[in-house]
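Visitor: There's a structure below that I have some questions on.
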Amino acid sequence: MKNRRKILMVILPVLACFAFLPGARAACLDGCNSSPLFDTWQGDDALLLLGGAGNTAFGWRSLFSDSTGSFNTAIGPSLLLNDGSDNTAVGAAALLLNITASDNTAIGTDALVFNDQFGDNVAIDNTAVGSFALFHNVDGSLNTAVGFDAMLNSDLGNPGPASGANSNTAVGAFALSGDPFVGSTGAANDAVGVATLFLNQTGIFNDAMGFDAMFFNTTGFDNVAIGAFALDFNTTGFFNTVVGTGAGGNIVAGFGNTYLGEGVAGPVDESLAIRINDFAGAPGLIPGIQQCFMGGLGILQIANNVTVFEVTYDITTNQLGVDFAPNNKVALNEFLKEQKKVEEQQASIAELKSTVALLTAQLKEQAAQIQKVSAELQVSKPAPQIVVNKP
C-alpha cells in the first residue's frame, strides 16, 4: 500500500497539471478524419492537435500533445505528452510521460509510466504487459516485461540518457522487479517465474526460471538457475549453473559451480565444484540419494590402449575422484616401467617366433631334399644276384 501511495503521489500531480491548464476546460471530442490522415478520436481533448497520421485516441486527453507523431494507439488517459510514433498504450497512465520515443507497447495501469520522460528518444522497443510493468523505466530499451510489477524498479533513479536497463525479458509477477531503493540497470537477463531475479541491481547475462529463482541476486552475472528457489541466495556469485528445486541454496558468492538435482547444496560458497544428486534428504521424512551410476568415471588413458582405474571416495565430503597423491604417482611410474619391460619382452618373443618359423621352413626344405636324394639312390642300386649250388 505504501508503494501504491507513492506512485499515486507522482501521477496525480501530473494529471492535475493538465486538468488546470489555462483554458483547459475539456472539450468532449468525437470524430475521425479522412485520407490522408486516417485519425480516430473520442474523449475529452483526445488527439487535440490532430497531428501526425494514423493515430487512434480513446479516453481523457489521450495523445493530448501529439503534433507530429503517427501510428499511435492510446486507450485510457495515456500517452498524454507523446509526440513519438508507433506506440501502443492501453490502460490508465500507460506511457503517460513518453515524449519522443517510439515502438513501445504498454498494456496495463501505469505500465511504462516514466518511459522517455527526458525526451532523449532512447527508450524504444519496450513491451510491458501488466499493471506497473516497467513502471520506472526511463531510458532502457529492448525490454519485455509481462506480469504484475514485472521489472517494476528497472532503471529507477536513472541519472541520465542511455544508461538504462536494456535487453531484459521478465515473465511473471515481480520478475526482475529490481531493488526498491537503488533500482536495476542490469542487462540481457531472462527471468521467468514469480519473483525471479527479484532484487537484481547490475547483474547481467543471468537466466532464471522458476518461482523465486535467484531472488537475492544483486550483481552476480552469467548464472543459470532452473527450478523453484534455485540459486535463491546468490548475490554476487557468477558462472554457476544449477538445475533442480532448491539447488545451489548455499551459494552466495561462489563461482563456477555446476549442481544437478533437487536440493543439491554443498558447503557454503564453494567454487569450481560439480555435484550431481548430492542430497542428504530430511531425517525421517525424505531419504537421501543412496545410489549413483555413472559410466566412465575415473578412467585415465595412459598409452598404447592401457587404462588405469583409480577411483577414490571421500566419506567426509561424498566426493568421487582420481587420487594422484605422491605414493600413487610412484606406483604409477613403477607400473609404467614394468609395462615397458613387458612390451620389450613381447617384442623379443615376437622376433624369436619369426626366427623359429624361418628355421622350421628351412628344415622342412632340407628334409624334402634328403628324401628326394634317398629315392634316387634306391632306383640306381643294382639288382641282387642269387647263387645256386649244383649237386
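How things are named: the first chain in the C-alpha cells is A, the next is B, and so on; residues count from 1 in each chain; ligands count from 1 in the order shown.
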Which neighbours of Asn200 in chain A fall inside 8 Å, counting only C-alpha atoms, when residues of the same chain fewer than 2 positions from it are skipped, and could you give them as number ranges by chain?

Guide: A: 176-179, 184, 186, 197-198, 202-203, 215-219

Visitor: Write out as a PyMOL selection string the residues lying within 8 Å of Gly266 in chain A, counting only C-alpha atoms and excluding same-chain residues fewer than 5 positions away.

Guide: chain A and resi 248+250+275+278

Visitor: Just the residues within 8 Å of Ala273 in chain A, please, counting only C-alpha atoms, with nothing from its chain fewer than 4 positions along; format it as an MDAnalysis selection string.

Guide: chainID A and resid 256:258

Visitor: Using only N, CA and C atoms, please write the residues we just selected to a file, as a compact mmCIF listing (two decimals), in the first residue's frame.

Guide:
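Saved the output as again.txt:
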```
# COMPACT_ATOMS: atom_id res chain seq x y z
N GLY A 256 31.57 -20.70 -10.64
CA GLY A 256 31.99 -21.84 -11.44
C GLY A 256 31.48 -23.18 -10.96
N ASN A 257 30.34 -23.21 -10.28
CA ASN A 257 29.78 -24.47 -9.79
C ASN A 257 28.71 -25.00 -10.74
N THR A 258 28.60 -26.33 -10.79
CA THR A 258 27.55 -26.98 -11.56
C THR A 258 26.84 -27.97 -10.65
```

Visitor: If we count only C-alpha atoms, what is near Thr241 in chain A at a cut-off of 12 Å, once residues fewer than 4 positions away on the same chain are taken out, given as an MDAnalysis selection string?

Guide: chainID A and resid 206:209 214 221:227 230:231 234 237 247:248 251 254:261 264 271:276

Visitor: Here is a test: counting only C-alpha atoms, which residue of A:Asn104, A:Asn240, A:Thr169, A:Asn98 is nearest to Val138 in chain A?

Guide: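 Under the stated criterion, the closest residue is A:Asn98.
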